[in-house]
Amino acid sequence: MARRASPSRRPAPVLPVARVCVDVPLPHLDRPFDYLIPATQSEAAQPGTRVRVRFAGQLVDGWLLERVADSDHPGRLSYLERVVSPEQVLHPEVLAAARAVAARYAGSLADVLRLAVPPRHARVEAEPTPTAPSPEVPLPRSSTSDAPDSPGWAAYPAGPALLRALTARRAPRAVWTALPGEDWPARFAEAAAATVAAGQGVVAVVADGRDLDRLDAALTARLGPGRHVALSAALGPAERYRRFLRASRGQVPVVIGTRAAALAPVADLGLVAIWDDGDDLHAEPRAPYPHAREILLIRAQLAGAAALVAGYTRTAEAQQLLVTGWAQPVTADRATVRQRAPRVTPTGDEPELARDPTAAAARLPHLAWRAARDALAAGAPVLVQVPRRGYLPAVACADCRTPARCPHCAGPLQLPAAGQVATCRWCGRPAPDRRCARCGGQRLRAAVVGARRTAEELGRAFPQYPVRTSGREEVLARVPGRPAVVVATPGAEPIADGGYGAVLLLDTWALLTRADLRAGEETLRRWLAAAALARPASAGGTVVVVADGGLPPVQALLRFDPGWYAERELADRRALGFPPAVRVATVTGTPTAVADLLAAADLPEATEVLGPVPVPGREQEEAELERMLLRAPRAAGARLAAALHAAAGVRSARKVRDPVRIQIDPVELW
DNA sequence: TCAATCCGTATC
DNA sequence: ATACGGATTGAC
């Protein structure tokens with residue numbers, strides 16, 4: 001009666017059962033399935049390998065999570081079809097983190113593993129191992145010294161202690177607010193070197209390729225060649241897998257990269273680090289939409305590793321780490337900040353037409369024009385930051401321009417049409433009688449993004465200097481320390497040799513009134529990133545921000561005090577019920593699908609359900625989508641995610657129609 | 001009484 | 001998803 005199961009196949013003599021995570025996207029199949037390991041494959045079938053298995057009649061990819069002696073499954077087990085490769089690319093520490101990430105974000109393990117391990121490239125896997133420097137080779141700088149060689153960290157009272165703690169494997173956790181002009185890649189490299197000197201591995205994540213290049217260079221300078229790899233989506237599949245393998249095989253102690261590197265393997269993880277955690281590039285756009293910072297913090301927590309959350313600014317999430325005592329601040333004292341910071345001046349946005357025809361030509365406020373002119377005359381380059389197009393129009397108080405919020409749930413308001421009553425984008429309630437929280441005004445105006453100032457206009461204002469642009473199409477990494485006008489969009493500001501003489505922050509109105517919860521924080525982040533490239537005030541460095549000096553982000557910029565702003569921001573979010581003070585989930589889909597899912601969800605008691613609201617900007621979709629917003633106390637966050645994942649499972653087990661998208665603490669909340 | 005079909009359920 | 005089983009319904 002030998003049917004399909006070939007009689008020649010017999011189970012492996014030891015630990016014959018493989019627990020396998022099958023690579024299918026259905027949430028109700030998000031658990032391991034047991035398979036028999038054929039004796040012939042026993043050697044190859046190690047935990048962390050890729051396998052092929054027959055599942056529901058078809059061949060699918062899977063991950064061999066672990067080997068056990070026997071199975072709880074009451075039915076008959078199938079054999080593994082084959083072990084794709086003996087390479088153990090899924091490390092136990094990464095698996096544990098991936099499980100926690102899936103749970104945190106109401107997602108499936110298979111989805112997270114797809115983000116964690118790049119696609120296999122068989123030819124690369126077969127390549128002979130490149131000769132790696134022996135681990136016995138000492139670091140270029142003294143790695144045996146108890147006090148690490150890094151004067152740069154001495155500018156921060158807690159800095160040297162941070163490095164000592166890394167060297168001593170005490171797993172320090174820090175929120176580092178970098179000084180203006182700080183050479184952060186060098187500081188990151190020093191922290192990495194201290195960890196490596198202690199015999200541990202490092203994973204560091206940055207937002208984009210430009211930051212990655214800088215960190216790459218700093219690590220090469222500090223650690224020497226061949227001690228780290230840089231992973232990014234921009235690499236081809238072969239090179240990406242080649243570098244991943246070097247990390248996975250323990251040939252390098254340090255991995256740096258963009259967000260997908262947050263789950264990269266290193267031996268004995270000692271430090272996770274993220275630069276500029278407020279950049280929205282750190283948010284993964286694929287399910288389950290995890291944020292690189294959260295992934296890294298989960299890893300640090302589970303592995304007992306150190307953590308470094310860093311930037312010129314401080315996010316509300318970083319502030320939350322400080323408030324809960326999970327991490328300690330690494331911040332310079334005020335005297336040092338004053339010494340390093342440029343002079344910052346706010347100005348109104350009315351160009352003084354009569355006084356200055358050239359300024360008017362560029363639609364530049366007089367003060368901004370004068371700062372630029374003086375810096376150019378002094379032989380320094382000038383940076384002009386202009387926002388990119390394409391922000392959602394918001395509604396703001398017509399008198400003081402404070403973004404208008406719903407009196408019921410504090411969501412942002414929208415004006416369906418001129419003259420109509422404003423309604424909330426979150427809960428859908430009309431808000432006919434609301435008053436501005438700041439000034440009490442009742443009139444509203446739509447905050448329309450102004451016309452973009454072009455480089456040509458600035459060229460007309462400063463005809464004798466070259467004008468260069470850095471933006472979406474072409475991003476400049478560096479400009480020489482000579483007079484020139486550099487026009488850049490946020491995130492594309494080149495570094496200037498010797499620093500910029502003046503930095504002009506224009507069209508700030510568009511940034512500040514974005515219809516987004518994070519508008520203020522994001523504005524300050526972009527300003528500080530640009531202002532940090534200016535010379536110190538003592539060397540003539542000036543920043544002119546075209547905005548009302550009374551606005552909190554402007555205040556924070558004037559004082560160069562992102563910590564103050566973060567405290568305020570977190571307090572606001574607590575008062576309004578936003579992350580990270582609370583846990584939020586959004587559920588998006590067709591009205592019936594969303595209602596179905598929520599009906600099936602066993603939500604924690606304290607969950608507040610807001611909505612539904614129509615989802616904007618999806619004109620072509622055949623079915624109209626809507627979104628519900630759920631919020632729960634942080635303590636109930638795990639239960640909220642579990643309830644939504646389970647409900648998605650119940651739904652997907654029944655009918656496959658009408659997918660719903662579940663996002664936990666989405667970066668964009670409007 | 002049997003067979004074609006429908007629905008629900010498990011997928012190891 | 002897809003494959004299977006048990007229930008259901010229609011025709012002989």
# chains A, B, ... in the order shown; residues from 1 in each chain; ligands from 1
call {"tool": "select_by_dssp", "arguments": {"residues": "segment 118-302 of chain A", "states": "helix (DSSP H, G or I)", "output": "ChimeraX atom specification"}}
result
/A:122-126,151-155,159-167,184-197,209-223,237-248,259-263,280-282,292-302
call {"tool": "residues_around", "arguments": {"residues": "Ala606 of chain A", "least_positions_apart": "3", "cutoff": "9 Å", "atoms": "only C-alpha atoms (C1' of nucleotides)", "output": "VMD selection string"}}
result
chain A and resid 603 631 to 633 636
call {"tool": "write_last_selection", "arguments": {"atoms": "C-alpha atoms", "output": "PDB file, in the first residue's frame"}}
result
ATOM      1  CA  LEU A 603     -10.642  44.299  21.577  1.00  0.00           C
ATOM      2  CA  ARG A 631      -6.669  53.707  20.448  1.00  0.00           C
ATOM      3  CA  ALA A 632      -5.746  51.940  23.627  1.00  0.00           C
ATOM      4  CA  PRO A 633      -3.417  52.561  26.567  1.00  0.00           C
ATOM      5  CA  ALA A 636      -3.070  47.222  26.268  1.00  0.00           C
TER       6      ALA A 636
END
call {"tool": "closest_atom_pairs", "arguments": {"of": "segment 602-667 of chain A", "to": "segment 96-110 of chain A", "cutoff": "8 Å", "atoms": "only C-alpha atoms", "output": "tab-separated table"}}
result
residue	atom	partner	partner_atom	distance
A:Gly637	CA	A:Arg104	CA	7.8
A:Ala638	CA	A:Arg104	CA	6.2
A:Ala641	CA	A:Ala106	CA	4.6
A:Ala642	CA	A:Ala106	CA	6.0
A:Leu644	CA	A:Ala106	CA	6.4
A:His645	CA	A:Ala106	CA	4.9
A:Ile662	CA	A:Ala106	CA	7.3
A:Gln663	CA	A:Tyr105	CA	6.9
A:Ile664	CA	A:Tyr105	CA	5.5
call {"tool": "interface_residues", "arguments": {"of": "chain B", "to": "chain A", "cutoff": "9 Å", "atoms": "only C-alpha atoms (C1' of nucleotides)", "output": "PyMOL selection string"}}
result
chain B and resi 8-12
call {"tool": "closest_atom_pairs", "arguments": {"of": "chain C", "to": "chain A", "cutoff": "12 Å", "atoms": "only C-alpha atoms (C1' of nucleotides)", "output": "tab-separated table"}}
result
residue	atom	partner	partner_atom	distance
C:DA1	C1'	A:Val656	CA	8.4
C:DT2	C1'	A:Ala56	CA	6.5
C:DA3	C1'	A:Ala56	CA	6.8
C:DC4	C1'	A:Ala56	CA	10.0
call {"tool": "write_last_selection", "arguments": {"atoms": "C-alpha atoms (C1' of nucleotides)", "output": "compact mmCIF listing (two decimals), in the first residue's frame"}}
result
# COMPACT_ATOMS: atom_id res chain seq x y z
C1' DA C 1 -5.37 30.05 -2.09
C1' DT C 2 -6.79 24.84 -2.85
C1' DA C 3 -8.16 20.24 -1.56
C1' DC C 4 -11.09 17.52 0.85
call {"tool": "atom_distance", "arguments": {"atom1": "atom CA of Arg573 of chain A", "atom2": "atom CA of Val554 of chain A"}}
result
18.7 Å
call {"tool": "atom_distance", "arguments": {"atom1": "atom CA of Leu458 of chain A", "atom2": "atom CA of Ala377 of chain A"}}
result
15.7 Å
call {"tool": "residues_around", "arguments": {"residues": "segment 540-548 of chain A", "least_positions_apart": "3", "cutoff": "10 Å", "atoms": "only C-alpha atoms (C1' of nucleotides)", "output": "JSON list (two decimals) with C-alpha atoms, in the first residue's frame"}}
result
[["chain", "number", "residue", "atom", "x", "y", "z"],
["A", 340, "ARG", "CA", 28.47, 75.50, 18.54],
["A", 341, "ALA", "CA", 25.13, 76.79, 17.29],
["A", 342, "PRO", "CA", 24.59, 79.40, 14.60],
["A", 343, "ARG", "CA", 22.60, 82.54, 15.37],
["A", 344, "VAL", "CA", 18.93, 81.95, 14.53],
["A", 345, "THR", "CA", 16.57, 84.78, 13.62],
["A", 346, "PRO", "CA", 12.89, 84.53, 12.81],
["A", 347, "THR", "CA", 11.32, 86.91, 10.36],
["A", 348, "GLY", "CA", 7.91, 87.61, 8.91],
["A", 349, "ASP", "CA", 7.20, 86.45, 5.41],
["A", 350, "GLU", "CA", 6.41, 89.80, 3.84],
["A", 364, "LEU", "CA", 12.78, 86.80, -0.13],
["A", 365, "PRO", "CA", 12.12, 88.57, 3.15],
["A", 367, "LEU", "CA", 16.33, 89.82, 6.56],
["A", 368, "ALA", "CA", 16.86, 86.55, 4.71],
["A", 369, "TRP", "CA", 18.20, 88.33, 1.70],
["A", 370, "ARG", "CA", 20.62, 90.34, 3.80],
["A", 371, "ALA", "CA", 21.92, 87.29, 5.66],
["A", 372, "ALA", "CA", 22.56, 85.54, 2.35],
["A", 374, "ASP", "CA", 26.55, 88.99, 3.86],
["A", 375, "ALA", "CA", 27.53, 85.35, 3.93],
["A", 378, "ALA", "CA", 32.29, 86.84, 3.35],
["A", 380, "ALA", "CA", 30.82, 81.32, 2.39],
["A", 382, "VAL", "CA", 24.47, 79.76, 1.54],
["A", 383, "LEU", "CA", 21.91, 77.01, 1.98],
["A", 384, "VAL", "CA", 18.29, 77.67, 1.06],
["A", 385, "GLN", "CA", 15.82, 75.05, 2.22],
["A", 400, "CYS", "CA", -3.14, 82.68, 14.43],
["A", 401, "ARG", "CA", -2.65, 79.85, 11.91],
["A", 499, "GLY", "CA", 29.89, 75.00, 7.10],
["A", 500, "TYR", "CA", 27.38, 77.36, 5.55],
["A", 501, "GLY", "CA", 27.65, 81.06, 6.28],
["A", 502, "ALA", "CA", 23.87, 81.37, 6.17],
["A", 503, "VAL", "CA", 20.95, 78.98, 6.10],
["A", 504, "LEU", "CA", 17.56, 80.27, 4.95],
["A", 505, "LEU", "CA", 14.46, 78.32, 5.85],
["A", 506, "LEU", "CA", 11.72, 79.37, 3.46],
["A", 507, "ASP", "CA", 8.07, 78.50, 2.84],
["A", 508, "THR", "CA", 7.79, 77.20, 6.36],
["A", 509, "TRP", "CA", 4.07, 77.76, 6.35],
["A", 512, "LEU", "CA", 3.95, 73.81, 9.71],
["A", 527, "TRP", "CA", 15.10, 72.80, 10.25],
["A", 530, "ALA", "CA", 19.67, 72.20, 7.83],
["A", 531, "ALA", "CA", 20.73, 74.52, 10.65],
["A", 532, "ALA", "CA", 23.24, 71.95, 11.90],
["A", 533, "LEU", "CA", 25.16, 72.48, 8.66],
["A", 534, "ALA", "CA", 25.78, 76.17, 9.43],
["A", 535, "ARG", "CA", 28.90, 77.59, 10.99],
["A", 536, "PRO", "CA", 28.76, 78.50, 14.67],
["A", 537, "ALA", "CA", 27.61, 82.04, 15.46],
["A", 551, "LEU", "CA", 5.45, 79.02, 17.40],
["A", 552, "PRO", "CA", 6.92, 76.20, 19.48],
["A", 553, "PRO", "CA", 9.05, 74.66, 16.71],
["A", 554, "VAL", "CA", 10.50, 78.10, 16.00],
["A", 555, "GLN", "CA", 11.19, 78.61, 19.69],
["A", 557, "LEU", "CA", 15.07, 76.23, 16.80],
["A", 558, "LEU", "CA", 15.96, 79.66, 18.21]]
call {"tool": "residues_around", "arguments": {"residues": "Val196 of chain A", "least_positions_apart": "5", "cutoff": "8 Å", "atoms": "only C-alpha atoms (C1' of nucleotides)", "output": "PyMOL selection string"}}
result
chain A and resi 201-202+253-254
call {"tool": "select_by_dssp", "arguments": {"residues": "segment 77-108 of chain A", "states": "strand (DSSP E or B)", "output": "number ranges by chain"}}
result
A: 79-83
call {"tool": "residues_around", "arguments": {"residues": "Pro612 of chain A", "least_positions_apart": "6", "cutoff": "12 Å", "atoms": "only C-alpha atoms (C1' of nucleotides)", "output": "PyMOL selection string"}}
result
chain A and resi 424-429+586-592+594-595+598+625-630
call {"tool": "residues_around", "arguments": {"residues": "segment 8-10 of chain C", "least_positions_apart": "2", "cutoff": "10 Å", "atoms": "only C-alpha atoms (C1' of nucleotides)", "output": "list in words"}}
result
DA3, DA4, DT5, DC6 and DC7 of chain B; DG6 and DC12 of chain C
call {"tool": "write_last_selection", "arguments": {"atoms": "C-alpha atoms (C1' of nucleotides)", "output": "CSV table (one decimal), in the first residue's frame"}}
result
chain,number,residue,atom,x,y,z
B,3,DA,C1',-24.5,11.3,-7.8
B,4,DA,C1',-23.4,16.1,-8.6
B,5,DT,C1',-22.7,20.1,-6.2
B,6,DC,C1',-22.3,23.3,-2.4
B,7,DC,C1',-20.3,24.9,1.8
C,6,DG,C1',-19.7,16.0,4.8
C,12,DC,C1',-33.9,8.1,-11.4
call {"tool": "closest_residue", "arguments": {"among": "A:Ala192, A:Val330, A:Leu115, A:Leu179", "to": "Pro285 of chain A", "atoms": "only C-alpha atoms"}}
result
A:Leu115
call {"tool": "residues_around", "arguments": {"residues": "Leu166 of chain A", "least_positions_apart": "3", "cutoff": "8 Å", "atoms": "only C-alpha atoms (C1' of nucleotides)", "output": "ChimeraX atom specification"}}
result
/A:162-163,169-172,191,194-195,198,270-271,306
call {"tool": "atom_distance", "arguments": {"atom1": "atom CA of Leu231 of chain A", "atom2": "atom CA of Arg243 of chain A"}}
result
6.9 Å
call {"tool": "closest_residue", "arguments": {"among": "A:Leu90, A:Ala332, A:Leu528, A:Val17", "to": "Arg314 of chain A", "atoms": "only C-alpha atoms"}}
result
A:Leu528
